[in-house]
>>> print(open('start11.cif').read())   # mmCIF, C-alpha atoms
data_my_file
#
loop_
_atom_site.label_atom_id
_atom_site.label_comp_id
_atom_site.auth_asym_id
_atom_site.auth_seq_id
_atom_site.Cartn_x
_atom_site.Cartn_y
_atom_site.Cartn_z
CA MET A 1 0.00 0.00 0.00
CA ASP A 2 1.26 3.47 -0.92
CA ASP A 3 2.32 5.44 2.16
CA HIS A 4 0.22 8.37 0.89
CA THR A 5 -2.99 6.38 0.44
CA PRO A 6 -5.51 7.52 3.07
CA LEU A 7 -6.39 4.84 5.60
CA LYS A 8 -9.96 3.58 5.54
CA GLN A 9 -12.09 3.59 8.66
CA THR A 10 -14.58 1.00 9.86
CA PRO A 11 -18.12 1.99 10.93
CA LEU A 12 -16.91 1.67 14.55
CA HIS A 13 -14.02 4.13 14.22
CA ASP A 14 -15.57 6.88 16.37
CA LEU A 15 -16.54 4.32 19.00
CA HIS A 16 -12.92 3.13 19.21
CA LEU A 17 -11.72 6.68 19.77
CA SER A 18 -14.32 7.27 22.46
CA LEU A 19 -13.07 4.14 24.24
CA GLY A 20 -9.48 5.43 24.25
CA ALA A 21 -8.13 3.02 21.66
CA ARG A 22 -4.62 3.40 20.28
CA MET A 23 -5.09 3.29 16.51
CA VAL A 24 -2.58 1.88 14.01
CA PRO A 25 -2.52 1.19 10.24
CA PHE A 26 -3.53 -2.38 9.42
CA ALA A 27 -4.46 -3.83 6.00
CA GLY A 28 -5.29 -0.36 4.70
CA TYR A 29 -7.47 0.57 7.68
CA GLU A 30 -7.01 2.56 10.86
CA MET A 31 -7.59 -0.10 13.51
CA PRO A 32 -7.40 -0.34 17.34
CA VAL A 33 -4.29 -2.20 18.46
CA GLN A 34 -5.19 -1.88 22.16
CA TYR A 35 -7.36 0.00 24.64
CA PRO A 36 -6.34 1.55 27.98
CA ALA A 37 -6.47 -1.83 29.78
CA GLY A 38 -3.56 -3.06 27.66
CA VAL A 39 -2.91 -6.18 25.59
CA MET A 40 -2.25 -8.53 28.52
CA LYS A 41 -5.50 -7.69 30.36
CA GLU A 42 -7.50 -7.76 27.14
CA HIS A 43 -6.14 -11.21 26.30
CA LEU A 44 -6.85 -12.70 29.73
CA PHE A 45 -10.29 -11.07 29.94
CA THR A 46 -11.26 -12.74 26.67
CA ARG A 47 -10.18 -16.13 28.00
CA ALA A 48 -12.09 -15.54 31.28
CA CYS A 49 -15.21 -13.61 30.19
CA ALA A 50 -15.86 -12.17 26.71
CA GLY A 51 -13.94 -9.88 24.40
CA LEU A 52 -15.44 -7.82 21.59
CA PHE A 53 -13.39 -7.27 18.41
CA ASP A 54 -13.99 -5.03 15.42
CA VAL A 55 -13.25 -7.10 12.31
CA SER A 56 -15.18 -4.88 9.90
CA HIS A 57 -12.06 -4.49 7.75
CA MET A 58 -12.55 -8.05 6.52
CA GLY A 59 -14.40 -8.65 3.28
CA GLN A 60 -18.01 -9.86 3.24
CA ILE A 61 -19.02 -11.29 -0.13
CA THR A 62 -22.19 -12.95 -1.42
CA ILE A 63 -22.42 -15.42 -4.31
CA ARG A 64 -25.85 -15.95 -5.88
CA PRO A 65 -26.36 -18.48 -8.69
CA LYS A 66 -27.96 -16.96 -11.78
CA SER A 67 -29.68 -20.30 -12.43
CA GLY A 68 -31.40 -20.34 -9.03
CA PRO A 69 -30.31 -23.54 -7.21
CA ILE A 70 -27.66 -22.97 -4.53
CA GLU A 71 -25.99 -26.22 -5.68
CA ASP A 72 -24.90 -24.46 -8.88
CA ALA A 73 -23.08 -21.78 -6.87
CA ALA A 74 -21.50 -24.46 -4.68
CA LEU A 75 -20.14 -26.39 -7.65
CA ALA A 76 -18.90 -23.18 -9.26
CA LEU A 77 -17.01 -22.23 -6.10
CA GLU A 78 -15.54 -25.73 -5.86
CA ARG A 79 -13.62 -24.99 -9.06
CA ILE A 80 -11.39 -22.59 -7.10
CA VAL A 81 -11.45 -23.99 -3.54
CA PRO A 82 -10.33 -27.52 -2.53
CA VAL A 83 -13.19 -28.02 -0.05
CA ASP A 84 -16.64 -29.61 -0.07
CA VAL A 85 -19.01 -26.71 -0.70
CA LEU A 86 -21.78 -28.83 -2.24
CA GLY A 87 -22.09 -30.85 0.95
CA LEU A 88 -22.39 -27.77 3.14
CA ALA A 89 -25.87 -27.76 4.67
CA GLU A 90 -28.03 -24.66 4.87
CA GLY A 91 -27.26 -22.74 8.04
CA ARG A 92 -23.70 -24.12 8.26
CA GLN A 93 -20.30 -22.68 7.41
CA ARG A 94 -16.90 -24.15 6.63
CA TYR A 95 -13.27 -23.01 6.58
CA GLY A 96 -11.90 -22.81 3.05
CA LEU A 97 -8.87 -21.86 0.99
CA PHE A 98 -8.26 -20.21 -2.36
CA THR A 99 -5.31 -21.98 -4.02
CA ASN A 100 -3.11 -21.12 -7.00
CA GLN A 101 -1.84 -23.31 -9.82
CA THR A 102 1.23 -24.41 -7.85
CA GLY A 103 -0.79 -25.41 -4.78
CA GLY A 104 -0.02 -22.26 -2.79
CA ILE A 105 -2.64 -20.49 -0.68
CA LEU A 106 -4.04 -17.23 -2.06
CA ASP A 107 -6.17 -16.65 1.05
CA ASP A 108 -8.14 -18.48 3.70
CA LEU A 109 -11.80 -17.73 4.22
CA MET A 110 -15.13 -18.81 5.72
CA ILE A 111 -17.93 -20.10 3.47
CA ALA A 112 -21.55 -20.17 4.70
CA ASN A 113 -24.66 -21.65 3.08
CA ARG A 114 -27.42 -19.08 3.52
CA GLY A 115 -30.08 -21.06 1.67
CA ASP A 116 -30.35 -19.09 -1.57
CA HIS A 117 -26.76 -17.80 -1.64
CA LEU A 118 -23.26 -18.36 -0.29
CA PHE A 119 -21.81 -15.87 2.19
CA LEU A 120 -18.02 -15.54 2.35
CA VAL A 121 -15.76 -13.74 4.82
CA VAL A 122 -12.23 -13.12 3.49
CA ASN A 123 -9.12 -11.45 4.87
CA ALA A 124 -8.85 -7.67 4.70
CA SER A 125 -5.47 -7.60 2.96
CA CYS A 126 -6.71 -9.94 0.22
CA LYS A 127 -10.33 -8.94 -0.19
CA GLU A 128 -9.99 -6.91 -3.40
CA ALA A 129 -7.89 -9.65 -5.03
CA ASP A 130 -10.31 -12.31 -3.76
CA PHE A 131 -13.28 -10.42 -5.17
CA ALA A 132 -11.59 -10.10 -8.56
CA HIS A 133 -10.67 -13.80 -8.43
CA LEU A 134 -14.28 -14.76 -7.74
CA LYS A 135 -15.64 -12.47 -10.47
CA ALA A 136 -13.18 -13.89 -13.01
CA HIS A 137 -14.03 -17.53 -12.28
CA LEU A 138 -17.69 -17.35 -11.24
CA GLY A 139 -18.94 -14.19 -12.94
CA GLU A 140 -20.62 -15.94 -15.85
CA SER A 141 -22.71 -18.26 -13.67
CA CYS A 142 -23.09 -16.27 -10.44
CA ASP A 143 -23.69 -12.76 -9.19
CA VAL A 144 -20.75 -11.89 -6.92
CA GLU A 145 -21.15 -8.87 -4.63
CA MET A 146 -18.88 -7.25 -2.06
CA LEU A 147 -21.03 -6.00 0.82
CA GLU A 148 -19.72 -2.50 1.52
CA ASP A 149 -22.56 -1.52 3.84
CA ARG A 150 -21.98 -3.99 6.68
CA ALA A 151 -19.78 -4.10 9.76
CA LEU A 152 -18.45 -7.27 11.39
CA ILE A 153 -17.74 -7.80 15.07
CA ALA A 154 -16.58 -10.87 17.01
CA LEU A 155 -17.71 -11.70 20.54
CA GLN A 156 -15.35 -14.32 21.96
CA GLY A 157 -14.96 -16.03 25.31
CA PRO A 158 -16.68 -18.39 27.77
CA HIS A 159 -19.37 -15.81 28.62
CA ALA A 160 -20.15 -14.95 24.98
CA GLU A 161 -23.24 -17.16 24.80
CA CYS A 162 -24.72 -15.75 28.01
CA VAL A 163 -24.13 -12.19 26.85
CA LEU A 164 -25.71 -12.76 23.45
CA ALA A 165 -28.58 -14.82 24.92
CA GLU A 166 -29.80 -11.69 26.67
CA LEU A 167 -30.44 -10.24 23.21
CA TRP A 168 -31.50 -13.44 21.42
CA ALA A 169 -32.41 -16.50 23.51
CA ASP A 170 -32.12 -18.99 20.63
CA VAL A 171 -28.38 -18.42 20.41
CA ALA A 172 -28.01 -21.26 22.96
CA THR A 173 -29.20 -23.74 20.32
CA MET A 174 -26.40 -22.86 17.91
CA ARG A 175 -23.35 -25.12 17.66
CA PHE A 176 -19.87 -24.47 16.33
CA MET A 177 -20.02 -23.33 12.68
CA ASP A 178 -23.79 -22.72 12.67
CA VAL A 179 -24.99 -19.57 10.91
CA ALA A 180 -28.33 -17.87 11.54
CA GLU A 181 -30.13 -14.55 11.11
CA ALA A 182 -31.49 -12.82 14.18
CA ALA A 183 -32.49 -9.37 15.40
CA LEU A 184 -30.21 -7.78 18.01
CA HIS A 185 -31.77 -4.64 19.47
CA ASP A 186 -34.25 -4.84 16.56
CA VAL A 187 -31.42 -4.82 14.00
CA PRO A 188 -31.28 -7.81 11.59
CA CYS A 189 -27.87 -9.47 11.91
CA ILE A 190 -26.12 -12.55 10.52
CA ILE A 191 -24.57 -14.54 13.36
CA SER A 192 -22.08 -17.41 13.09
CA ARG A 193 -20.79 -19.44 16.01
CA SER A 194 -17.12 -19.15 15.14
CA GLY A 195 -14.08 -16.98 15.71
CA TYR A 196 -10.33 -16.62 15.80
CA THR A 197 -9.36 -17.08 19.45
CA GLY A 198 -9.83 -20.76 20.29
CA GLU A 199 -12.75 -19.74 22.52
CA ASP A 200 -16.45 -20.31 22.04
CA GLY A 201 -17.92 -17.23 20.46
CA PHE A 202 -19.68 -15.52 17.60
CA GLU A 203 -19.05 -13.34 14.58
CA ILE A 204 -21.87 -10.88 13.91
CA SER A 205 -22.47 -9.09 10.60
CA ILE A 206 -24.42 -5.87 11.19
CA PRO A 207 -25.77 -3.18 8.82
CA ALA A 208 -23.16 -0.42 8.98
CA SER A 209 -25.72 2.23 9.89
CA HIS A 210 -26.60 0.39 13.12
CA ALA A 211 -23.19 -1.09 13.93
CA ALA A 212 -22.01 1.46 16.47
CA ASP A 213 -25.28 1.37 18.42
CA VAL A 214 -25.46 -2.45 18.57
CA THR A 215 -21.78 -2.72 19.50
CA ARG A 216 -22.02 -0.03 22.18
CA ARG A 217 -24.96 -1.78 23.79
CA ILE A 218 -23.16 -5.13 23.85
CA LEU A 219 -20.18 -3.40 25.46
CA GLU A 220 -22.44 -2.17 28.26
CA HIS A 221 -22.53 -5.72 29.60
CA PRO A 222 -20.10 -6.08 32.54
CA ASP A 223 -18.70 -9.34 31.11
CA VAL A 224 -17.59 -7.69 27.85
CA MET A 225 -14.43 -5.69 27.13
CA PRO A 226 -13.25 -4.16 23.81
CA ILE A 227 -10.21 -5.98 22.44
CA GLY A 228 -7.60 -4.72 19.96
CA LEU A 229 -5.38 -6.29 17.34
CA GLY A 230 -2.58 -6.95 19.83
CA ALA A 231 -4.58 -9.38 21.94
CA ARG A 232 -6.29 -10.79 18.86
CA ASP A 233 -2.88 -11.87 17.61
CA SER A 234 -1.75 -13.46 20.89
CA LEU A 235 -5.10 -15.24 21.27
CA ARG A 236 -5.00 -16.76 17.78
CA LEU A 237 -1.34 -17.75 18.21
CA GLU A 238 -2.10 -19.65 21.43
CA ALA A 239 -4.96 -21.33 19.55
CA GLY A 240 -2.57 -22.42 16.77
CA LEU A 241 -4.49 -20.49 14.11
CA CYS A 242 -2.77 -19.20 10.99
CA LEU A 243 -2.41 -15.54 10.07
CA TYR A 244 -2.43 -15.08 6.32
CA GLY A 245 0.81 -13.51 5.11
CA ASN A 246 2.70 -14.85 8.12
CA ASP A 247 1.94 -18.55 8.54
CA ILE A 248 0.37 -19.26 5.14
CA ASP A 249 0.89 -17.60 1.76
CA THR A 250 1.18 -18.29 -1.95
CA GLY A 251 4.30 -20.38 -1.36
CA THR A 252 2.65 -22.64 1.21
CA THR A 253 0.50 -25.68 0.39
CA PRO A 254 -2.35 -26.82 2.66
CA VAL A 255 -0.48 -30.01 3.62
CA GLU A 256 2.68 -28.08 4.50
CA ALA A 257 0.48 -25.80 6.63
CA ALA A 258 -1.02 -28.78 8.51
CA LEU A 259 -4.45 -27.86 7.13
CA GLU A 260 -5.31 -31.29 5.71
CA TRP A 261 -8.51 -31.26 7.79
CA ALA A 262 -9.79 -28.40 5.61
CA LEU A 263 -9.90 -30.67 2.54
CA GLN A 264 -12.79 -33.11 2.91
CA LYS A 265 -12.44 -36.66 1.55
CA VAL A 266 -14.80 -35.97 -1.35
CA ARG A 267 -12.21 -33.57 -2.84
CA ARG A 268 -9.20 -35.85 -2.28
CA THR A 269 -7.93 -38.68 -4.45
CA GLY A 270 -10.64 -41.34 -4.66
CA GLY A 271 -13.40 -38.92 -3.67
CA ALA A 272 -16.51 -38.28 -5.76
CA ARG A 273 -15.30 -34.81 -6.78
CA ALA A 274 -11.55 -35.24 -6.35
CA GLY A 275 -9.30 -32.52 -7.70
CA GLY A 276 -10.48 -30.00 -10.25
CA PHE A 277 -9.21 -27.03 -8.19
CA PRO A 278 -6.08 -24.93 -8.82
CA GLY A 279 -2.90 -26.73 -7.76
CA SER A 280 -4.71 -30.04 -7.23
CA ASP A 281 -1.84 -32.10 -8.66
CA ARG A 282 0.65 -30.67 -6.15
CA ILE A 283 -1.74 -30.71 -3.21
CA LEU A 284 -2.97 -34.26 -3.76
CA ALA A 285 0.63 -35.40 -4.26
CA ASP A 286 1.45 -33.89 -0.85
CA PHE A 287 -1.36 -35.98 0.64
CA ALA A 288 0.06 -39.10 -0.97
CA THR A 289 3.74 -38.69 -0.20
CA GLY A 290 3.90 -36.05 2.52
CA ALA A 291 5.33 -32.57 2.27
CA ALA A 292 9.03 -31.80 2.70
CA ARG A 293 8.27 -29.34 5.49
CA ARG A 294 5.42 -28.77 7.94
CA ARG A 295 3.98 -26.12 10.23
CA VAL A 296 4.54 -26.98 13.89
CA GLY A 297 4.18 -25.40 17.29
CA LEU A 298 7.32 -24.18 19.04
CA LYS A 299 7.94 -23.62 22.76
CA PRO A 300 11.06 -21.56 23.51
CA GLU A 301 12.87 -22.33 26.74
CA GLY A 302 12.94 -19.50 29.25
CA ARG A 303 10.85 -16.32 29.03
CA ALA A 304 12.18 -14.61 25.91
CA PRO A 305 9.79 -14.67 22.91
CA VAL A 306 11.02 -15.83 19.50
CA ARG A 307 9.54 -13.69 16.72
CA GLY A 308 8.54 -14.38 13.15
CA GLY A 309 11.38 -14.49 10.63
CA VAL A 310 13.86 -16.13 13.00
CA SER A 311 15.82 -19.06 11.53
CA LEU A 312 15.75 -22.51 13.14
CA PHE A 313 18.64 -24.94 13.33
CA ALA A 314 19.11 -28.57 14.35
CA ASP A 315 22.29 -27.81 16.33
CA PRO A 316 23.31 -25.16 18.89
CA ASP A 317 26.06 -23.86 16.60
CA GLY A 318 23.77 -22.97 13.71
CA ASN A 319 25.37 -25.33 11.18
CA THR A 320 22.23 -27.20 10.06
CA PRO A 321 19.28 -24.99 9.07
CA VAL A 322 15.92 -26.77 9.34
CA GLY A 323 13.25 -24.07 9.20
CA THR A 324 11.86 -20.67 10.06
CA VAL A 325 9.57 -19.15 12.69
CA THR A 326 6.49 -17.52 11.13
CA SER A 327 4.67 -16.21 14.24
CA GLY A 328 5.90 -15.80 17.78
CA GLY A 329 5.28 -13.86 20.96
CA PHE A 330 4.33 -14.16 24.61
CA GLY A 331 1.29 -16.30 25.43
CA PRO A 332 -0.43 -14.78 28.48
CA SER A 333 -2.70 -17.80 29.02
CA VAL A 334 0.22 -20.25 29.03
CA ASP A 335 2.45 -17.75 30.86
CA GLY A 336 5.33 -18.16 28.49
CA PRO A 337 6.57 -17.63 24.94
CA VAL A 338 4.91 -19.53 22.09
CA ALA A 339 5.58 -19.66 18.37
CA MET A 340 4.78 -21.43 15.12
CA GLY A 341 6.94 -22.13 12.12
CA TYR A 342 7.95 -24.51 9.35
CA VAL A 343 10.56 -27.20 9.81
CA ASP A 344 11.88 -30.05 7.70
CA GLN A 345 9.75 -33.19 7.94
CA ALA A 346 12.55 -35.03 9.77
CA HIS A 347 12.35 -32.53 12.67
CA THR A 348 8.56 -32.32 13.18
CA ALA A 349 8.15 -34.81 16.04
CA VAL A 350 6.80 -33.27 19.24
CA GLY A 351 9.64 -32.76 21.69
CA THR A 352 12.34 -32.35 19.05
CA LYS A 353 14.89 -29.81 20.26
CA LEU A 354 15.81 -27.04 17.83
CA TYR A 355 17.69 -23.76 18.13
CA ALA A 356 16.46 -20.32 17.15
CA GLU A 357 18.98 -17.69 16.09
CA VAL A 358 18.25 -14.49 18.01
CA ARG A 359 20.79 -11.66 17.82
CA GLY A 360 23.67 -14.05 17.20
CA LYS A 361 22.70 -16.50 19.92
CA TYR A 362 21.09 -19.90 19.44
CA LEU A 363 18.20 -20.28 21.87
CA PRO A 364 16.72 -23.75 22.51
CA VAL A 365 13.12 -24.33 21.43
CA ALA A 366 11.08 -27.54 21.45
CA VAL A 367 8.61 -28.66 18.81
CA SER A 368 5.19 -28.61 20.46
CA ALA A 369 1.71 -29.87 19.66
CA LEU A 370 -0.83 -27.30 18.52
CA PRO A 371 -2.86 -25.62 19.91
CA PHE A 372 -1.16 -24.35 23.06
CA ILE A 373 -4.52 -23.99 24.83
CA THR A 374 -7.59 -26.26 24.87
CA PRO A 375 -10.24 -24.84 22.52
CA THR A 376 -13.72 -24.37 23.99
CA TYR A 377 -15.83 -24.55 20.81
CA LYS A 378 -19.41 -25.72 21.40
CA ARG A 379 -19.73 -28.78 19.15
#
>>> encode(input="start11.cif", output="C-alpha cells")
Amino acid sequence: MDDHTPLKQTPLHDLHLSLGARMVPFAGYEMPVQYPAGVMKEHLFTRACAGLFDVSHMGQITIRPKSGPIEDAALALERIVPVDVLGLAEGRQRYGLFTNQTGGILDDLMIANRGDHLFLVVNASCKEADFAHLKAHLGESCDVEMLEDRALIALQGPHAECVLAELWADVATMRFMDVAEAALHDVPCIISRSGYTGEDGFEISIPASHAADVTRRILEHPDVMPIGLGARDSLRLEAGLCLYGNDIDTGTTPVEAALEWALQKVRRTGGARAGGFPGSDRILADFATGAARRRVGLKPEGRAPVRGGVSLFADPDGNTPVGTVTSGGFGPSVDGPVAMGYVDQAHTAVGTKLYAEVRGKYLPVAVSALPFITPTYKR
C-alpha cells in the first residue's frame, strides 16, 4: 500500500476513539491495536469472560447463482477452492482456501450456506484480489457482490453465549459453525458461532448504519471488554491459528500448513469430486507422499519470545538450518513464549529440540503440539 494512500475507517471508528483506543494502520485501515487496559488484560479477559473485536475491515461477499439452485453456486465455487461446498448444509459454514496453480494459498476464508446464496468472509489484505478472483471464475454463472454496507464484530470467550442470549435466547441452540439470522436490538444481523481465538464465540455481521449502536450496547454488559489487534494476535497464536501472510501464503501448500482437515475426503484422491481445483496435482501429491516441510508449534525455553522471521537450526552452533519461525510472541494464558513455524519433515516430532537464532545466539526451542490452549468450541 502506498504510504500516501488515506487509511480507511470501519463503521466503529468513532466508537474506538471514544473508548481510548490506540489506533494503528492495518491492512489499509485505521484499527485499534489496544485499549487503555492493555494487551495482557485484554487477552486474559477474553479467556475468562468475553472480548469484543472489530473485524469490519474483513471482506463480506455474497455469491448468488444466476440459475437459481444454490448447488450451482456451490459447484462453481468448488472450481477454485479444494473443499466440499456442495455438501455444506443450509445454516452451516466451513473453513476454506483459495489456491493457485502451484498449490499455494491465495487466502483463507469462511464459506456459509445461507439457503439461496453463499456468504463468504475473506481477509482484509486480500479482499480486493479475492473479489476479482471470484468475479473472473464465477462471474458468468453467479452474481458476486462485495457488501460494503456492513460491519463485522466478534464476541469471543466463555461468557459470549450468556451475553448474546440476553439479546437473542435462541443463540443457545447454535453449535460451532452454525450460521443464523437474528435481530439484536431490533437490528437484523447474521450470526455465526465461530471466531479466531480458540474460545467459544460468535461473529456478527451488522448493517453499517446500526453497527455502532449495537456494539455499544453489547459493550455495556459487565462481562464484555473491547479488544484490539494486539490481543487478537496473541489469542490466535495460542490457539494455533494461521495468520495469512505470516503462517500461510502463496508459497505454502495446505499439507505443509497442517491444514489437511480443511480438505474433505470428497475432494481428495478417490473422492466423488476429487481434484479439479487450482494446484490439485501438487496438493494431492502432498497428501500421498507427505510434504518436505510442515507447520509446527514451538515452545522456547525460558521467558524470551522468539519472533517471526527467526531461523531454526538442528544444532546449537547454527550449522544445520531446518526451518523458520512464522509467528511468535508471549502467550499470556500459558504464561510463556509460544511460536509457530515450518521445519523439515525429519524434525517435526513433538519434543524435538531445535535452536532459534536471536541476535547471534542460538536459543533452545522444542517442537510442540498445537494448539497451546484447549479450545472451547461448542460442538
>>> resolve_selection(input="start11.cif", expression="the PyMOL selection byres ((chain A and resi 18) around 12)", output="list of chain:residue names")
A:Leu12, A:His13, A:Asp14, A:Leu15, A:His16, A:Leu17, A:Leu19, A:Gly20, A:Ala21, A:Arg22, A:Met23, A:Pro32, A:Tyr35, A:Pro36, A:Ala212, A:Arg216, A:Pro226
>>> resolve_selection(input="start11.cif", expression="the PyMOL selection byres ((chain A and resi 224) around 9)", output="list in words")
Phe45, Thr46, Cys49, Ala50, Gly51, Leu52, Leu155, His159, Ala160, Val163, Ile218, Leu219, Glu220, His221, Pro222, Asp223, Met225 and Pro226 of chain A
>>> closest_residue(input="start11.cif", among="A:Arg79, A:Lys299, A:His185, A:Arg293", to="A:Pro371", atoms="all atoms listed in the file")
A:Lys299
>>> residues_around(input="start11.cif", residues="stretch 234-245 of chain A", least_positions_apart="4", cutoff="10 Å", atoms="all atoms listed in the file", output="PyMOL selection string")
chain A and resi 39-40+42-44+46-47+105-109+123-126+195-199+229-230+249-250+257+259+295-297+326-334+337-340+369-375
>>> closest_residue(input="start11.cif", among="A:Ile111, A:Ala182, A:Ala314, A:Ile206", to="A:Pro11", atoms="all atoms listed in the file")
A:Ile206
>>> closest_residue(input="start11.cif", among="A:Arg268, A:Arg175, A:Arg303, A:Arg114", to="A:Ala288", atoms="all atoms listed in the file")
A:Arg268
>>> residues_around(input="start11.cif", residues="A:Ile283", least_positions_apart="4", cutoff="9 Å", atoms="only C-alpha atoms", output="PyMOL selection string")
chain A and resi 102-104+253-255+275+279+287-288
>>> residues_around(input="start11.cif", residues="A:Ala112", least_positions_apart="4", cutoff="6 Å", atoms="all atoms listed in the file", output="ChimeraX atom specification")
/A:92-93,118-119
>>> resolve_selection(input="start11.cif", expression="the PyMOL selection byres ((chain A and resi 357) around 9)", output="MDAnalysis selection string")
chainID A and resid 306 310:313 318 355:356 358:363
>>> write_last_selection(input="start11.cif", atoms="C-alpha atoms", output="short mmCIF file (atom, residue, chain, number, x, y, z; two decimals), keeping the file's coordinate frame")
data_model
loop_
_atom_site.label_atom_id
_atom_site.label_comp_id
_atom_site.auth_asym_id
_atom_site.auth_seq_id
_atom_site.Cartn_x
_atom_site.Cartn_y
_atom_site.Cartn_z
CA VAL A 306 11.02 -15.83 19.50
CA VAL A 310 13.86 -16.13 13.00
CA SER A 311 15.82 -19.06 11.53
CA LEU A 312 15.75 -22.51 13.14
CA PHE A 313 18.64 -24.94 13.33
CA GLY A 318 23.77 -22.97 13.71
CA TYR A 355 17.69 -23.76 18.13
CA ALA A 356 16.46 -20.32 17.15
CA VAL A 358 18.25 -14.49 18.01
CA ARG A 359 20.79 -11.66 17.82
CA GLY A 360 23.67 -14.05 17.20
CA LYS A 361 22.70 -16.50 19.92
CA TYR A 362 21.09 -19.90 19.44
CA LEU A 363 18.20 -20.28 21.87
#
>>> decode(input="start11.cif", residues="stretch 119-125 of chain A", atoms="all heavy atoms", output="short mmCIF file (atom, residue, chain, number, x, y, z; two decimals), in the first residue's frame")
data_model
loop_
_atom_site.label_atom_id
_atom_site.label_comp_id
_atom_site.auth_asym_id
_atom_site.auth_seq_id
_atom_site.Cartn_x
_atom_site.Cartn_y
_atom_site.Cartn_z
N PHE A 119 -22.31 -17.07 1.51
CA PHE A 119 -21.81 -15.87 2.19
C PHE A 119 -20.37 -16.15 2.59
O PHE A 119 -20.09 -17.11 3.31
CB PHE A 119 -22.68 -15.57 3.41
CG PHE A 119 -22.22 -14.41 4.24
CD1 PHE A 119 -22.16 -13.13 3.72
CD2 PHE A 119 -21.86 -14.60 5.58
CE1 PHE A 119 -21.76 -12.06 4.51
CE2 PHE A 119 -21.45 -13.54 6.37
CZ PHE A 119 -21.41 -12.26 5.82
N LEU A 120 -19.44 -15.34 2.11
CA LEU A 120 -18.02 -15.54 2.35
C LEU A 120 -17.46 -14.40 3.20
O LEU A 120 -17.86 -13.24 3.04
CB LEU A 120 -17.24 -15.57 1.03
CG LEU A 120 -17.17 -16.88 0.24
CD1 LEU A 120 -18.54 -17.46 -0.05
CD2 LEU A 120 -16.41 -16.66 -1.07
N VAL A 121 -16.54 -14.74 4.09
CA VAL A 121 -15.76 -13.74 4.82
C VAL A 121 -14.30 -14.00 4.50
O VAL A 121 -13.78 -15.10 4.74
CB VAL A 121 -16.01 -13.81 6.34
CG1 VAL A 121 -15.13 -12.79 7.07
CG2 VAL A 121 -17.48 -13.55 6.66
N VAL A 122 -13.62 -12.98 3.94
CA VAL A 122 -12.23 -13.12 3.49
C VAL A 122 -11.36 -12.11 4.23
O VAL A 122 -11.85 -11.15 4.83
CB VAL A 122 -12.11 -12.93 1.97
CG1 VAL A 122 -12.99 -13.94 1.23
CG2 VAL A 122 -12.49 -11.50 1.55
N ASN A 123 -10.05 -12.32 4.16
CA ASN A 123 -9.12 -11.45 4.87
C ASN A 123 -9.06 -10.05 4.26
O ASN A 123 -9.16 -9.88 3.04
CB ASN A 123 -7.72 -12.07 4.87
CG ASN A 123 -7.60 -13.18 5.89
OD1 ASN A 123 -7.88 -12.99 7.07
ND2 ASN A 123 -7.22 -14.36 5.44
N ALA A 124 -8.85 -9.06 5.13
CA ALA A 124 -8.85 -7.67 4.70
C ALA A 124 -7.78 -7.38 3.66
O ALA A 124 -8.04 -6.70 2.66
CB ALA A 124 -8.66 -6.76 5.92
N SER A 125 -6.57 -7.91 3.87
CA SER A 125 -5.47 -7.60 2.96
C SER A 125 -5.64 -8.22 1.59
O SER A 125 -5.00 -7.80 0.63
CB SER A 125 -4.15 -8.07 3.58
OG SER A 125 -4.17 -9.47 3.79
#
